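Colleague: One structure, pasted below without further comment.
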Amino acid sequence: MNDGECNALINCSEDPSSFKKYILYSVKDAQAKSLLGEKLESLGPDRLLHFLESLKKLVTDSIVDVNQDAENIYAAVQIIELLIGKIYSGPQIASILNHIHGVLLLFSDQNMFIQNCCCQVLEKYWKMNLPSKNTAAVNVIPYLLARALCPIGKTQDVIRLYEVKEMLELIDFQCLSSASLVSLLCKAASNEVFLKNKQGIEFLSYILTIDLDLMVMVNNAITFMIPDLKDAHLLKVGEIYYEGIELAKMRNYMSQYEKECIQGLIVCALHCHRVGSNKCSQKVAKVLSVLHKHKHKKEPHIEEMLYSLYKPLLWRALDAPNGDVRANATALFLGVFPLIPARYNKVQFQDTLEEQCSKIKELMMDDHEAVRVCATQGCAQILEDFWKILPAHHLTTLLTTLCCDMTHDMSSSEVVVAALQGVQLLLNNPLSHVALKKLLPALSNHIYHPAVSVRNVMVSLLLTLHQTSIFKFWDLVPAEDLLSIVENTKPGPVRQKIVSLLVHLYLPVDESLSVQIQITLDMLRKCPDVHRSFYLDAYPHVGLSSSLRLVVGLMLLIKECIEKGSVTLSEDSKLHINSDELEKVGQVLEVCAVLLNSARKDLKRNKQAASTLCSKIVPLIPRILQEFGSDSVCNEALSLIMTNLPNEGLVLLKKQCYKMCKDKTSGVPVQTSASLALIRIGGGTKIISHWSEVISTKLESILDCKIADPNALTTVDAPSKETTQVLQTISNVLESPEYTTLMECSALDNLYSVLFSTVDLLPQYHVLGQSQRLRADHFKILVDCLALTARFSIHIGGVEDLILIAKTITNVVDNTKSGNSNRSAILNNVYKVVVEGFQVLQYSPDFLSLLHHIATSLAASEISSHRLTLCKYLHRAAHFLGIHTRSENLREVFARVLQSAAQNASKKELKDVECLLLEVGVTVQRRELGKSKRRPWDGVAQDIVQVVTESLSDNEISSRSDLSPLLQIIVDCIERSDSFSFSFLPALQTAALTNPGVAQLLNLISP
């Protein structure tokens, strides 16, 4: 806007349409408003009044439909803001603002910005204390309240409300028209947004004391809000009531304020519930604690008020029959202690103080647990705060009661916790140290208290104790005892605090590396298992650099021990490398693993430390792995070390581990360890490809290997040795926890295809073996390959492949003579195949026939351990296949195993057979009873007894001197049955002719 446009606006004030056009244009930006202000300031009085009349007419015309003509009102408000306080503040301005005030609450949500601008002008007019300000004020309060209480209300709205709070003086709260405003004020009193700043607290204090009727309603609103408030907000509520005291005194409302507000809070704190989700009494006591704090600051009027309010209520509540009321009263009493008015002279003060000290001792011996807890907590706080003013004899009595009696409360661990926390609090007062030094040794056994909460507080007490100048924690509990507690304590605050106490003794970062290593070895010697817990919690206290320094030092020590045999650090600390010291090496490696695992996140952020670590320890790992990879503890620790290495270290380590896997001279244990390491660090695909290549090469050459020399049958060539090592390594990996990781490797399908080719190759080789002299090691390789194929097929090939593999092996068993040296190895692999695939096969229709086929072959074996293995396997199968027990196939399995066992086996094997048969019956009974009301056990027992009696009819069996296991099977079956058919009696009668034991059984069971 230029000068000409400003002049046009002022000159066209008689033309309403032109005036409206120019006035909207004049407030479009700050520069235009500033120029217009300068022009208005230069006008004479007459022209300015004429201009204001036009502005007033514009406003009066616009308020007819305030939302449609809101822009006109906005422009008028902007011009008035230029005028008031600077150019003109006369009655014409007041008249215009009265019109705007009248429509302040009528704006729609679309015009919220304009509505807020109108309110800001009215606030400015009020704060400048200009004439007729009262006529344009009343609607400002409800608008600001509504704005502050809306979901998007801001702290600034509360501040604006506080700055114009005197407007409330203009409102008649007795009038019905103010009901909506009263409702808003009560909502403000229960809204947390007013508790977030000082202005909100003072505003609530103001409305709490502005009117007696309003006082009651606002107090109720605040009281209802208390149970849901957090501790920080509760203290703010206390400040509201404290600020209200001065305001109430100014308005001469003090007696009503004390009765309605403060006394109401006291009654609530005494009689509300202590327990539950809200803990109302404790929260109200938190509010009152603000008044107690100001009382302790020696504010006489607060002391007098609290004394007059507490006296008729508190002492009666302290002797109430209800324990919770006594506990509430105890908390209040000890919070306000000493409850003595300022007007008392010295004699009255001492008499009252002694009386209240005696009451504290009485409350600490109360029979209600909550009362003792509150009294113990309060007593400790009083001893800390009022040590100087307490009478000497009462001081001694209270201190002794706290440290000796309450800390050994046998009926409540909560009381013990409160007492120990009280002692910890007392340590903050140096005046108590001399007296506590005599009493603290009696607390040492609390470190072994069965309650975790007590042990936790006891450790916190030791931490506080260690920070004082005249105490050290080992004066109460020796460091060795704390170390043993760390070893036997689960992860949690107790263990963490104990470690923070011990870390400067057992991992001193300021000492040299050799001293740290010596202390570490000494600790491992005294407490062999503590390192897993100690170093896990010690890392936050020592940091990255100190941890890495110790890790590198320990691993260099192990390497030096490997090369030299032993290293002596001191007369008591020597690390040997032999079979007896493997456990110690594993422990040292576990220390390194735990520290590296704890430092993992810091290593990612500190690239320089990670690079230094890799350059120092990665070259050491293969040598240590080669030497100690066969030990499970060392292997697990090394694996954890490797998985926590940075990426650059893993790349180098993969190369070195792969080299170890390909080394034919390293042996199966080392190859297994290196393979597991590769799998753990992401090199599984590479090692699987190596396995596939070795096995495939060997299988391709097996059928071409014909040996004419009989002496060569027992020899083993280098390729066979390498293949055997690979197969054994794979088998070891499959039995390790990395089995699942291996199954996720992409190269596994190729390895499975190579292994599965033995399904066709083994029968061909076996046929050739009947007419030619072939290598025994080749045949074993084929069987081992097939066993591994079965184990892999569970996850890759499926049921069909597994059945084909099992049938292939059992056919080979059937065609192998019992004297063949390979038979034992073949039979062992049969167990591996079937047991590994058992859970896959359990629902297959071919399972029973397959099981029968295997059992037929194995039951006739002369080797007792084979039959026992099959019995144990069938025992396991009973849990899954008991439902099929009555089928003919499985019944024949039992009959064959039992017959073979009875002929050849010992009493132990017969007992295993008995357990097997009974377990099958019980399993069937459990399953079938859930499906029908009939009792299937009778039929199962009948089958079992039939099998047993058929076996007894065999002359070789019946002539045995000890048939008690078999006879016990029959007795057990009959005793477990409700109804039983004795069709087996003729067979027993025949057996009884030659065996007195059977005859005795026949007499017992005859119906």
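Letters for chains follow the order of the structure tokens (A, B, ...), residue numbers begin at 1 for each chain, and ligand numbers begin at 1 in the order shown.
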Can you tell me which residues surround region 475-479 of chain A at a distance of at most 7 Å, considering only C-alpha atoms, apart from same-chain residues fewer than 3 positions away, and format the answer as an MDAnalysis selection string?
Modeller: chainID A and resid 441 444 472 482:483
Colleague: Take the residues from that selection and write them out as an mmCIF file, in the first residue's frame, keeping N, CA, C and O atoms.
Modeller:
data_model
loop_
_atom_site.group_PDB
_atom_site.id
_atom_site.type_symbol
_atom_site.label_atom_id
_atom_site.label_comp_id
_atom_site.auth_asym_id
_atom_site.auth_seq_id
_atom_site.Cartn_x
_atom_site.Cartn_y
_atom_site.Cartn_z
ATOM 1 N N PRO A 441 28.179 -54.272 61.445
ATOM 2 C CA PRO A 441 28.599 -55.675 61.270
ATOM 3 C C PRO A 441 27.490 -56.694 61.461
ATOM 4 O O PRO A 441 27.546 -57.784 60.880
ATOM 5 N N SER A 444 25.722 -58.093 58.076
ATOM 6 C CA SER A 444 26.445 -58.755 56.991
ATOM 7 C C SER A 444 25.708 -59.967 56.432
ATOM 8 O O SER A 444 25.769 -60.238 55.229
ATOM 9 N N LYS A 472 34.451 -49.438 54.260
ATOM 10 C CA LYS A 472 34.639 -50.123 53.000
ATOM 11 C C LYS A 472 33.748 -51.367 53.023
ATOM 12 O O LYS A 472 33.533 -51.964 54.082
ATOM 13 N N LEU A 482 31.392 -62.225 48.024
ATOM 14 C CA LEU A 482 30.590 -61.557 46.996
ATOM 15 C C LEU A 482 30.819 -62.191 45.631
ATOM 16 O O LEU A 482 29.884 -62.310 44.828
ATOM 17 N N LEU A 483 32.034 -62.617 45.374
ATOM 18 C CA LEU A 483 32.338 -63.254 44.095
ATOM 19 C C LEU A 483 31.589 -64.574 43.953
ATOM 20 O O LEU A 483 31.062 -64.897 42.885
#
Colleague: Please measure the separation of CA of Glu384 (chain A) and CA of Leu426 (chain A), giving the value in Å to one decimal.
Modeller: 5.4 Å
Colleague: List the spatial neighbours of Arg495 (chain A) as a list in words - criterion: any atom at most 6 Å away, only C-alpha atoms, same-chain residues fewer than 3 positions off excluded.
Modeller: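 Result of the neighbour search: Val486, Gly492 and Ile498 of chain A.
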Colleague: Give me the residues near Val459 (chain A) as a list in words, where near means some atom within 8 Å (using only C-alpha atoms) and where sequence neighbours in that chain fewer than 6 positions away do not count.
Modeller: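 My list of contacting residues is Ile447, Val494, Lys497 and Ile498 of chain A.
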Colleague: Could those selected residues go to a file with C-alpha atoms, as a CSV table (one decimal), in the first residue's frame?
Modeller:
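Here's the written file again.csv:
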chain,number,residue,atom,x,y,z
A,447,ILE,CA,23.6,-60.6,51.7
A,494,VAL,CA,21.6,-57.8,42.5
A,497,LYS,CA,25.4,-54.1,41.7
A,498,ILE,CA,27.8,-56.7,43.2
